Amino acid sequence: MSALDAILNDIDADLDNALERLFAFLRIPSISTDPAYAGQCREAARWLATDLTALGFETSVEETSLHPVVLAHKPKPGAPHVLFYGHYDVQPVDPLDLWTHPPFEPRISEDGQGGKRIVARGASDDKGQVMTFVEACRAHLAMSGELPCGVTILVEGAEESGSQGLPEWVEANRDRLGCDVVLVCDTGMWDPKTPQITSSLRGLCYFEVKVTCADRDLHSGFFGGAARNPIHVLSRIVADLHDSEGKVMVPGFYEGVHERPADVIEQWKGLGMTAETLLGPIGLKEPAGEKGRLPLELVQSRPACDVNGIWGGYTGEGTKTVIASTASAKVSFRLVDDQDPAALARNFEAFVRERVPADCQVEVVTYKGSRAISLPFDMPELATAKAALQEEWGVPAVTVGAGGSIPIVGDFKRLLDKNTLLIGFGLDDDRIHSPNEKYDLTSFHKGTRSWARILAALGARGR
């Protein structure tokens, strides 16, 4: 039996104990967005720090401007060194009445098809995923007394609050975060049997637009037809954001957007994602983005613009013949490749102001933006991780981008100048951020085995 086989066997034999540890972690209601749970966030950080200290890591719980981070080191001189990132905070549980069981009382349930799942808030996002890595380290240490490479673990408590305070903490502690590559387990698989490495993340820009016309709400019988209606003005702005072909019409929007090579497009075609498979489960049929693009392109390698909320005037029961004084909308842009959030902010504000009549006012609030992230396809650690995943799952790992954003990954590149491998084991039906969040037992078990293989493979590469 090889050393790696012994480690994998230990993971199999220790699965029940690993679940007990995960369940103890899941019982802590570490909701970062609600100040009432600040103490529980700190409790979760202490729990994880205690577990890592017991494994021989040099561990500390350190303050940020919101919730503390857990930092743990176990160096191995002369070997490659990895930085693993995850988060211990979770989303609020509302609406509570839609949970079939209390959200912080984890349990194993049957999925109706012979499989089992861990059900609890944070099971998939991200405590279960964090613990796959911790349990892989535990198995290496139990069977060989050491890790195959140096490891630093950084787990924050405010990811669900926009990672408030983390970039500043990372910048102040750059000298303690030295590594060859960053590892993140906060993403998903292509399907329940196919592992995935996320090769890119879209960036994000977010705005709020408020249009003001009259100095007060008006009676539409007295002023209708003569007074400007801010809802009409705002609707015109929103309508002008896209043309009939689905392209975003903000000037300069596509600067920095690159076409994917033909062989990559052919690979994506072979993955079988169609409009039906993507949109059918949510009750839709027709893609709404740029015409002529694959559905996979639209959600991960092309930029997008969405109106996330719009309001103004009377929205209560019955009727009220009023012309509102103000109307507002929240607008977000997903960015790719080399799109510049600062340039987009300038161009979007100019786009809005050009469509507001001279006797009306507009306020454009710009929230923090983040650039898109892409991995170099010739990155050696990428090939190493793909091979390790194929060994565990028996099929090649899919390498595709993700449509969402993890801003701290951009900060790791900006502040540490390190690339990030995003390897997660969540599934599309894990109901993260929703009632009855779950994490398949297979995801947890084979995710742990996958990390054990990846650590061994990275350590074998040497420096």
# chains A, B, ... in the order shown; residues from 1 in each chain; ligands from 1

call {"tool": "closest_atom_pairs", "arguments": {"of": "range 257-293 of chain A", "to": "range 303-311 of chain A", "cutoff": "10 Å", "atoms": "only C-alpha atoms", "output": "JSON lines"}}
result
{"residue": "A:Val257", "atom": "CA", "partner": "A:Pro303", "partner_atom": "CA", "distance": 7.9}
{"residue": "A:Gly289", "atom": "CA", "partner": "A:Ala304", "partner_atom": "CA", "distance": 7.6}
{"residue": "A:Glu290", "atom": "CA", "partner": "A:Ala304", "partner_atom": "CA", "distance": 9.0}

call {"tool": "residues_around", "arguments": {"residues": "Ala345 in chain A", "least_positions_apart": "6", "cutoff": "9 Å", "atoms": "only C-alpha atoms", "output": "list in words"}}
result
Cys205, Tyr206, Phe207, Thr366 and Gly369 of chain A

call {"tool": "write_last_selection", "arguments": {"atoms": "C-alpha atoms", "output": "PDB file, in the first residue's frame"}}
result
ATOM      1  CA  CYS A 205     -19.607  46.962 -10.530  1.00  0.00           C
ATOM      2  CA  TYR A 206     -22.700  48.066  -8.621  1.00  0.00           C
ATOM      3  CA  PHE A 207     -24.594  51.362  -8.782  1.00  0.00           C
ATOM      4  CA  THR A 366     -20.983  53.857  -7.032  1.00  0.00           C
ATOM      5  CA  GLY A 369     -16.013  47.373  -7.911  1.00  0.00           C
TER       6      GLY A 369
END

call {"tool": "closest_residue", "arguments": {"among": "A:Ser405, A:Ser220, A:Gln91, A:Thr274", "to": "Ala372 in chain A", "atoms": "only C-alpha atoms"}}
result
A:Ser405

call {"tool": "select_by_dssp", "arguments": {"residues": "range 347-405 of chain A", "states": "strand (DSSP E or B)", "output": "list in words"}}
result
Gln361, Val362, Glu363, Val364, Val365, Thr366, Ser370, Ile373, Ser374, Val398, Thr399, Val400, Gly401 and Ala402 of chain A

call {"tool": "write_last_selection", "arguments": {"atoms": "N, CA and C atoms", "output": "PDB file, in the first residue's frame"}}
result
ATOM      1  N   GLN A 361     -32.839  66.227 -11.601  1.00  0.00           N
ATOM      2  CA  GLN A 361     -31.551  65.897 -11.003  1.00  0.00           C
ATOM      3  C   GLN A 361     -31.378  64.380 -10.959  1.00  0.00           C
ATOM      4  N   VAL A 362     -30.117  63.957 -10.940  1.00  0.00           N
ATOM      5  CA  VAL A 362     -29.823  62.533 -10.798  1.00  0.00           C
ATOM      6  C   VAL A 362     -28.626  62.369  -9.875  1.00  0.00           C
ATOM      7  N   GLU A 363     -28.698  61.351  -9.052  1.00  0.00           N
ATOM      8  CA  GLU A 363     -27.579  60.971  -8.197  1.00  0.00           C
ATOM      9  C   GLU A 363     -27.187  59.544  -8.551  1.00  0.00           C
ATOM     10  N   VAL A 364     -25.908  59.334  -8.818  1.00  0.00           N
ATOM     11  CA  VAL A 364     -25.390  58.003  -9.120  1.00  0.00           C
ATOM     12  C   VAL A 364     -24.411  57.625  -8.020  1.00  0.00           C
ATOM     13  N   VAL A 365     -24.776  56.620  -7.240  1.00  0.00           N
ATOM     14  CA  VAL A 365     -23.913  56.124  -6.166  1.00  0.00           C
ATOM     15  C   VAL A 365     -23.152  54.913  -6.677  1.00  0.00           C
ATOM     16  N   THR A 366     -21.833  54.952  -6.576  1.00  0.00           N
ATOM     17  CA  THR A 366     -20.983  53.857  -7.032  1.00  0.00           C
ATOM     18  C   THR A 366     -20.494  53.065  -5.827  1.00  0.00           C
ATOM     19  N   SER A 370     -14.890  45.345  -8.553  1.00  0.00           N
ATOM     20  CA  SER A 370     -13.768  44.399  -8.579  1.00  0.00           C
ATOM     21  C   SER A 370     -13.542  43.931 -10.005  1.00  0.00           C
ATOM     22  N   ILE A 373     -11.079  37.894 -12.828  1.00  0.00           N
ATOM     23  CA  ILE A 373      -9.884  37.106 -12.565  1.00  0.00           C
ATOM     24  C   ILE A 373      -9.828  35.951 -13.549  1.00  0.00           C
ATOM     25  N   SER A 374      -8.651  35.705 -14.136  1.00  0.00           N
ATOM     26  CA  SER A 374      -8.471  34.562 -15.035  1.00  0.00           C
ATOM     27  C   SER A 374      -7.168  33.857 -14.699  1.00  0.00           C
ATOM     28  N   VAL A 398     -13.371  19.375 -15.519  1.00  0.00           N
ATOM     29  CA  VAL A 398     -13.760  20.440 -16.435  1.00  0.00           C
ATOM     30  C   VAL A 398     -13.120  21.750 -15.975  1.00  0.00           C
ATOM     31  N   THR A 399     -12.596  22.508 -16.915  1.00  0.00           N
ATOM     32  CA  THR A 399     -12.019  23.809 -16.607  1.00  0.00           C
ATOM     33  C   THR A 399     -12.862  24.883 -17.284  1.00  0.00           C
ATOM     34  N   VAL A 400     -13.679  25.574 -16.512  1.00  0.00           N
ATOM     35  CA  VAL A 400     -14.543  26.628 -17.046  1.00  0.00           C
ATOM     36  C   VAL A 400     -14.557  27.796 -16.071  1.00  0.00           C
ATOM     37  N   GLY A 401     -15.078  28.914 -16.542  1.00  0.00           N
ATOM     38  CA  GLY A 401     -15.213  30.076 -15.688  1.00  0.00           C
ATOM     39  C   GLY A 401     -16.499  30.032 -14.895  1.00  0.00           C
ATOM     40  N   ALA A 402     -16.618  30.954 -13.967  1.00  0.00           N
ATOM     41  CA  ALA A 402     -17.833  31.102 -13.171  1.00  0.00           C
ATOM     42  C   ALA A 402     -18.363  32.514 -13.343  1.00  0.00           C
TER      43      ALA A 402
END

call {"tool": "residues_around", "arguments": {"residues": "range 99-106 of chain A", "least_positions_apart": "6", "cutoff": "8 Å", "atoms": "only C-alpha atoms", "output": "PyMOL selection string"}}
result
chain A and resi 23+26-29+93+118-121+435-436

call {"tool": "write_last_selection", "arguments": {"atoms": "N, CA and C atoms", "output": "PDB file, in the first residue's frame"}}
result
ATOM      1  N   PHE A  23     -20.364  18.756  12.133  1.00  0.00           N
ATOM      2  CA  PHE A  23     -21.640  19.085  12.764  1.00  0.00           C
ATOM      3  C   PHE A  23     -21.439  20.052  13.926  1.00  0.00           C
ATOM      4  N   LEU A  26     -21.083  23.364  12.331  1.00  0.00           N
ATOM      5  CA  LEU A  26     -22.344  23.834  11.748  1.00  0.00           C
ATOM      6  C   LEU A  26     -23.343  24.295  12.809  1.00  0.00           C
ATOM      7  N   ARG A  27     -23.220  23.807  14.019  1.00  0.00           N
ATOM      8  CA  ARG A  27     -24.169  24.200  15.067  1.00  0.00           C
ATOM      9  C   ARG A  27     -23.977  25.645  15.514  1.00  0.00           C
ATOM     10  N   ILE A  28     -22.869  26.253  15.174  1.00  0.00           N
ATOM     11  CA  ILE A  28     -22.596  27.628  15.595  1.00  0.00           C
ATOM     12  C   ILE A  28     -23.244  28.583  14.593  1.00  0.00           C
ATOM     13  N   PRO A  29     -24.223  29.405  14.991  1.00  0.00           N
ATOM     14  CA  PRO A  29     -24.947  30.284  14.052  1.00  0.00           C
ATOM     15  C   PRO A  29     -24.151  31.550  13.722  1.00  0.00           C
ATOM     16  N   VAL A  93     -30.961  32.915   7.873  1.00  0.00           N
ATOM     17  CA  VAL A  93     -31.754  31.715   7.582  1.00  0.00           C
ATOM     18  C   VAL A  93     -33.162  32.034   7.088  1.00  0.00           C
ATOM     19  N   ILE A 118     -25.945  16.271   3.820  1.00  0.00           N
ATOM     20  CA  ILE A 118     -25.822  17.001   5.084  1.00  0.00           C
ATOM     21  C   ILE A 118     -26.683  18.242   4.951  1.00  0.00           C
ATOM     22  N   VAL A 119     -27.644  18.428   5.849  1.00  0.00           N
ATOM     23  CA  VAL A 119     -28.564  19.564   5.761  1.00  0.00           C
ATOM     24  C   VAL A 119     -28.334  20.491   6.945  1.00  0.00           C
ATOM     25  N   ALA A 120     -27.991  21.737   6.675  1.00  0.00           N
ATOM     26  CA  ALA A 120     -27.790  22.765   7.706  1.00  0.00           C
ATOM     27  C   ALA A 120     -27.357  24.034   7.000  1.00  0.00           C
ATOM     28  N   ARG A 121     -27.589  25.172   7.632  1.00  0.00           N
ATOM     29  CA  ARG A 121     -27.042  26.416   7.106  1.00  0.00           C
ATOM     30  C   ARG A 121     -25.512  26.364   7.211  1.00  0.00           C
ATOM     31  N   PRO A 435     -33.457  28.360   2.218  1.00  0.00           N
ATOM     32  CA  PRO A 435     -33.810  27.362   3.222  1.00  0.00           C
ATOM     33  C   PRO A 435     -33.402  25.954   2.776  1.00  0.00           C
ATOM     34  N   ASN A 436     -33.105  25.106   3.783  1.00  0.00           N
ATOM     35  CA  ASN A 436     -32.750  23.709   3.558  1.00  0.00           C
ATOM     36  C   ASN A 436     -31.475  23.547   2.747  1.00  0.00           C
TER      37      ASN A 436
END

call {"tool": "select_by_dssp", "arguments": {"residues": "range 274-389 of chain A", "states": "alpha helix (DSSP H)", "output": "number ranges by chain"}}
result
A: 275-279, 295-300, 341-353, 380-389

call {"tool": "closest_atom_pairs", "arguments": {"of": "range 91-125 of chain A", "to": "range 438-459 of chain A", "cutoff": "10 Å", "atoms": "only C-alpha atoms", "output": "JSON lines"}}
result
{"residue": "A:Pro106", "atom": "CA", "partner": "A:Lys438", "partner_atom": "CA", "distance": 9.4}
{"residue": "A:Arg107", "atom": "CA", "partner": "A:Lys438", "partner_atom": "CA", "distance": 9.6}
{"residue": "A:Ile108", "atom": "CA", "partner": "A:Leu441", "partner_atom": "CA", "distance": 8.3}
{"residue": "A:Ser109", "atom": "CA", "partner": "A:Lys438", "partner_atom": "CA", "distance": 9.3}
{"residue": "A:Glu110", "atom": "CA", "partner": "A:Asp440", "partner_atom": "CA", "distance": 9.8}
{"residue": "A:Asp111", "atom": "CA", "partner": "A:Asp440", "partner_atom": "CA", "distance": 8.8}
{"residue": "A:Gly115", "atom": "CA", "partner": "A:Leu441", "partner_atom": "CA", "distance": 7.7}
{"residue": "A:Lys116", "atom": "CA", "partner": "A:Leu441", "partner_atom": "CA", "distance": 5.6}
{"residue": "A:Arg117", "atom": "CA", "partner": "A:Asp440", "partner_atom": "CA", "distance": 4.1}
{"residue": "A:Ile118", "atom": "CA", "partner": "A:Tyr439", "partner_atom": "CA", "distance": 5.1}
{"residue": "A:Val119", "atom": "CA", "partner": "A:Lys438", "partner_atom": "CA", "distance": 4.3}
{"residue": "A:Ala120", "atom": "CA", "partner": "A:Lys438", "partner_atom": "CA", "distance": 6.1}
{"residue": "A:Arg121", "atom": "CA", "partner": "A:Lys438", "partner_atom": "CA", "distance": 7.6}
{"residue": "A:Gly122", "atom": "CA", "partner": "A:Lys438", "partner_atom": "CA", "distance": 8.1}
{"residue": "A:Ala123", "atom": "CA", "partner": "A:Tyr439", "partner_atom": "CA", "distance": 5.4}
{"residue": "A:Ser124", "atom": "CA", "partner": "A:Tyr439", "partner_atom": "CA", "distance": 4.9}
{"residue": "A:Asp125", "atom": "CA", "partner": "A:Tyr439", "partner_atom": "CA", "distance": 8.7}

call {"tool": "write_last_selection", "arguments": {"atoms": "N, CA and C atoms", "output": "compact mmCIF listing (two decimals), in the first residue's frame"}}
result
# COMPACT_ATOMS: atom_id res chain seq x y z
N PRO A 106 -27.67 20.33 12.42
CA PRO A 106 -27.32 19.55 11.23
C PRO A 106 -27.76 18.10 11.35
N ARG A 107 -28.09 17.54 10.19
CA ARG A 107 -28.54 16.16 10.16
C ARG A 107 -28.20 15.57 8.79
N ILE A 108 -28.23 14.25 8.73
CA ILE A 108 -28.09 13.52 7.47
C ILE A 108 -29.47 13.12 6.99
N SER A 109 -29.80 13.44 5.75
CA SER A 109 -31.09 13.06 5.19
C SER A 109 -30.88 12.27 3.91
N GLU A 110 -31.87 11.51 3.52
CA GLU A 110 -31.85 10.77 2.25
C GLU A 110 -32.28 11.69 1.12
N ASP A 111 -31.70 11.51 -0.05
CA ASP A 111 -32.06 12.37 -1.18
C ASP A 111 -33.12 11.76 -2.08
N GLY A 115 -28.86 8.35 -2.19
CA GLY A 115 -27.74 9.14 -1.67
C GLY A 115 -28.09 9.80 -0.36
N LYS A 116 -27.06 10.39 0.28
CA LYS A 116 -27.26 11.08 1.54
C LYS A 116 -26.73 12.50 1.43
N ARG A 117 -27.30 13.37 2.23
CA ARG A 117 -26.90 14.77 2.21
C ARG A 117 -26.86 15.34 3.63
N ILE A 118 -25.94 16.27 3.82
CA ILE A 118 -25.82 17.00 5.08
C ILE A 118 -26.68 18.24 4.95
N VAL A 119 -27.64 18.43 5.85
CA VAL A 119 -28.56 19.56 5.76
C VAL A 119 -28.33 20.49 6.94
N ALA A 120 -27.99 21.74 6.67
CA ALA A 120 -27.79 22.77 7.71
C ALA A 120 -27.36 24.03 7.00
N ARG A 121 -27.59 25.17 7.63
CA ARG A 121 -27.04 26.42 7.11
C ARG A 121 -25.51 26.36 7.21
N GLY A 122 -24.86 26.65 6.09
CA GLY A 122 -23.40 26.61 6.03
C GLY A 122 -22.83 25.27 5.60
N ALA A 123 -23.69 24.27 5.37
CA ALA A 123 -23.19 22.94 5.00
C ALA A 123 -22.36 22.99 3.72
N SER A 124 -22.84 23.74 2.72
CA SER A 124 -22.11 23.87 1.47
C SER A 124 -21.35 25.19 1.38
N ASP A 125 -21.90 26.23 1.97
CA ASP A 125 -21.35 27.58 1.85
C ASP A 125 -21.06 28.16 3.23

call {"tool": "residues_around", "arguments": {"residues": "Trp47 in chain A", "least_positions_apart": "4", "cutoff": "8 Å", "atoms": "only C-alpha atoms", "output": "list in words"}}
result
Phe25, Glu43 and Asp51 of chain A

call {"tool": "atom_distance", "arguments": {"atom1": "CA of Asp430 in chain A", "atom2": "CA of Pro192 in chain A"}}
result
11.0 Å

call {"tool": "atom_distance", "arguments": {"atom1": "CA of Tyr85 in chain A", "atom2": "CA of Asp186 in chain A"}}
result
8.6 Å

call {"tool": "atom_distance", "arguments": {"atom1": "CA of Asp429 in chain A", "atom2": "CA of Leu98 in chain A"}}
result
16.1 Å

call {"tool": "closest_atom_pairs", "arguments": {"of": "range 392-455 of chain A", "to": "range 172-182 of chain A", "cutoff": "6 Å", "atoms": "only C-alpha atoms", "output": "CSV"}}
result
residue,atom,partner,partner_atom,distance
A:Lys418,CA,A:Val181,CA,5.8
A:Asn419,CA,A:Val181,CA,5.8
A:Thr420,CA,A:Val182,CA,4.5

call {"tool": "closest_residue", "arguments": {"among": "A:Thr59, A:Leu8, A:Glu255, A:Thr53", "to": "Ala139 in chain A", "atoms": "only C-alpha atoms"}}
result
A:Leu8

call {"tool": "closest_atom_pairs", "arguments": {"of": "range 147-264 of chain A", "to": "range 321-330 of chain A", "cutoff": "8 Å", "atoms": "only C-alpha atoms", "output": "JSON lines"}}
result
{"residue": "A:Tyr206", "atom": "CA", "partner": "A:Lys330", "partner_atom": "CA", "distance": 7.4}
{"residue": "A:Phe207", "atom": "CA", "partner": "A:Lys330", "partner_atom": "CA", "distance": 5.7}
{"residue": "A:Glu208", "atom": "CA", "partner": "A:Lys330", "partner_atom": "CA", "distance": 4.4}
{"residue": "A:Val209", "atom": "CA", "partner": "A:Ala329", "partner_atom": "CA", "distance": 5.3}
{"residue": "A:Lys210", "atom": "CA", "partner": "A:Ser328", "partner_atom": "CA", "distance": 4.3}
{"residue": "A:Val211", "atom": "CA", "partner": "A:Ala327", "partner_atom": "CA", "distance": 5.4}
{"residue": "A:Thr212", "atom": "CA", "partner": "A:Thr326", "partner_atom": "CA", "distance": 4.4}
{"residue": "A:Cys213", "atom": "CA", "partner": "A:Ser325", "partner_atom": "CA", "distance": 5.6}
{"residue": "A:Ala214", "atom": "CA", "partner": "A:Ser325", "partner_atom": "CA", "distance": 5.2}
{"residue": "A:Asp215", "atom": "CA", "partner": "A:Ser325", "partner_atom": "CA", "distance": 6.2}
{"residue": "A:Arg216", "atom": "CA", "partner": "A:Ser325", "partner_atom": "CA", "distance": 5.1}
{"residue": "A:Asp217", "atom": "CA", "partner": "A:Ala324", "partner_atom": "CA", "distance": 4.7}
{"residue": "A:Leu218", "atom": "CA", "partner": "A:Ile323", "partner_atom": "CA", "distance": 4.9}
{"residue": "A:His219", "atom": "CA", "partner": "A:Val322", "partner_atom": "CA", "distance": 5.0}
{"residue": "A:Ser220", "atom": "CA", "partner": "A:Val322", "partner_atom": "CA", "distance": 5.2}
{"residue": "A:Gly221", "atom": "CA", "partner": "A:Thr321", "partner_atom": "CA", "distance": 7.5}
{"residue": "A:Gly224", "atom": "CA", "partner": "A:Ile323", "partner_atom": "CA", "distance": 7.4}
{"residue": "A:Asn229", "atom": "CA", "partner": "A:Ile323", "partner_atom": "CA", "distance": 6.1}
{"residue": "A:Pro230", "atom": "CA", "partner": "A:Ala327", "partner_atom": "CA", "distance": 5.5}
{"residue": "A:Ile231", "atom": "CA", "partner": "A:Ala327", "partner_atom": "CA", "distance": 5.4}
{"residue": "A:Leu234", "atom": "CA", "partner": "A:Ala327", "partner_atom": "CA", "distance": 6.8}

call {"tool": "closest_residue", "arguments": {"among": "A:Glu135, A:Glu171, A:Glu317, A:Asp338", "to": "Arg371 in chain A", "atoms": "only C-alpha atoms"}}
result
A:Asp338

call {"tool": "decode", "arguments": {"residues": "range 40-62 of chain A", "atoms": "N, CA and C atoms", "output": "short mmCIF file (atom, residue, chain, number, x, y, z; two decimals), in the first residue's frame"}}
result
data_model
loop_
_atom_site.label_atom_id
_atom_site.label_comp_id
_atom_site.auth_asym_id
_atom_site.auth_seq_id
_atom_site.Cartn_x
_atom_site.Cartn_y
_atom_site.Cartn_z
N GLN A 40 -21.38 34.82 18.10
CA GLN A 40 -21.34 33.49 17.50
C GLN A 40 -20.30 33.41 16.38
N CYS A 41 -20.08 34.52 15.68
CA CYS A 41 -19.01 34.54 14.68
C CYS A 41 -17.66 34.34 15.36
N ARG A 42 -17.47 35.02 16.46
CA ARG A 42 -16.22 34.85 17.22
C ARG A 42 -16.09 33.42 17.75
N GLU A 43 -17.21 32.86 18.18
CA GLU A 43 -17.20 31.48 18.66
C GLU A 43 -16.77 30.52 17.56
N ALA A 44 -17.27 30.73 16.34
CA ALA A 44 -16.89 29.87 15.21
C ALA A 44 -15.41 29.99 14.91
N ALA A 45 -14.88 31.20 14.97
CA ALA A 45 -13.45 31.40 14.74
C ALA A 45 -12.63 30.66 15.80
N ARG A 46 -13.05 30.76 17.06
CA ARG A 46 -12.32 30.08 18.13
C ARG A 46 -12.40 28.56 17.96
N TRP A 47 -13.59 28.07 17.55
CA TRP A 47 -13.74 26.62 17.36
C TRP A 47 -12.75 26.11 16.32
N LEU A 48 -12.69 26.80 15.18
CA LEU A 48 -11.79 26.37 14.11
C LEU A 48 -10.33 26.50 14.54
N ALA A 49 -9.99 27.59 15.20
CA ALA A 49 -8.61 27.78 15.66
C ALA A 49 -8.20 26.66 16.62
N THR A 50 -9.09 26.27 17.51
CA THR A 50 -8.79 25.18 18.44
C THR A 50 -8.54 23.88 17.71
N ASP A 51 -9.36 23.59 16.70
CA ASP A 51 -9.20 22.36 15.93
C ASP A 51 -7.87 22.35 15.20
N LEU A 52 -7.50 23.48 14.59
CA LEU A 52 -6.24 23.55 13.83
C LEU A 52 -5.04 23.50 14.77
N THR A 53 -5.15 24.10 15.94
CA THR A 53 -4.06 24.03 16.91
C THR A 53 -3.81 22.59 17.33
N ALA A 54 -4.89 21.83 17.51
CA ALA A 54 -4.76 20.42 17.90
C ALA A 54 -4.05 19.61 16.82
N LEU A 55 -4.10 20.07 15.58
CA LEU A 55 -3.41 19.39 14.48
C LEU A 55 -1.95 19.80 14.37
N GLY A 56 -1.52 20.72 15.20
CA GLY A 56 -0.14 21.15 15.17
C GLY A 56 0.13 22.42 14.40
N PHE A 57 -0.92 23.09 13.95
CA PHE A 57 -0.74 24.38 13.29
C PHE A 57 -0.46 25.46 14.33
N GLU A 58 0.38 26.41 13.96
CA GLU A 58 0.54 27.63 14.76
C GLU A 58 -0.62 28.55 14.39
N THR A 59 -1.53 28.75 15.32
CA THR A 59 -2.83 29.34 14.99
C THR A 59 -3.10 30.58 15.81
N SER A 60 -3.78 31.55 15.19
CA SER A 60 -4.20 32.76 15.89
C SER A 60 -5.56 33.21 15.37
N VAL A 61 -6.30 33.90 16.22
CA VAL A 61 -7.56 34.56 15.84
C VAL A 61 -7.28 36.05 15.87
N GLU A 62 -7.44 36.71 14.73
CA GLU A 62 -6.98 38.10 14.59
C GLU A 62 -8.12 39.01 14.16
#
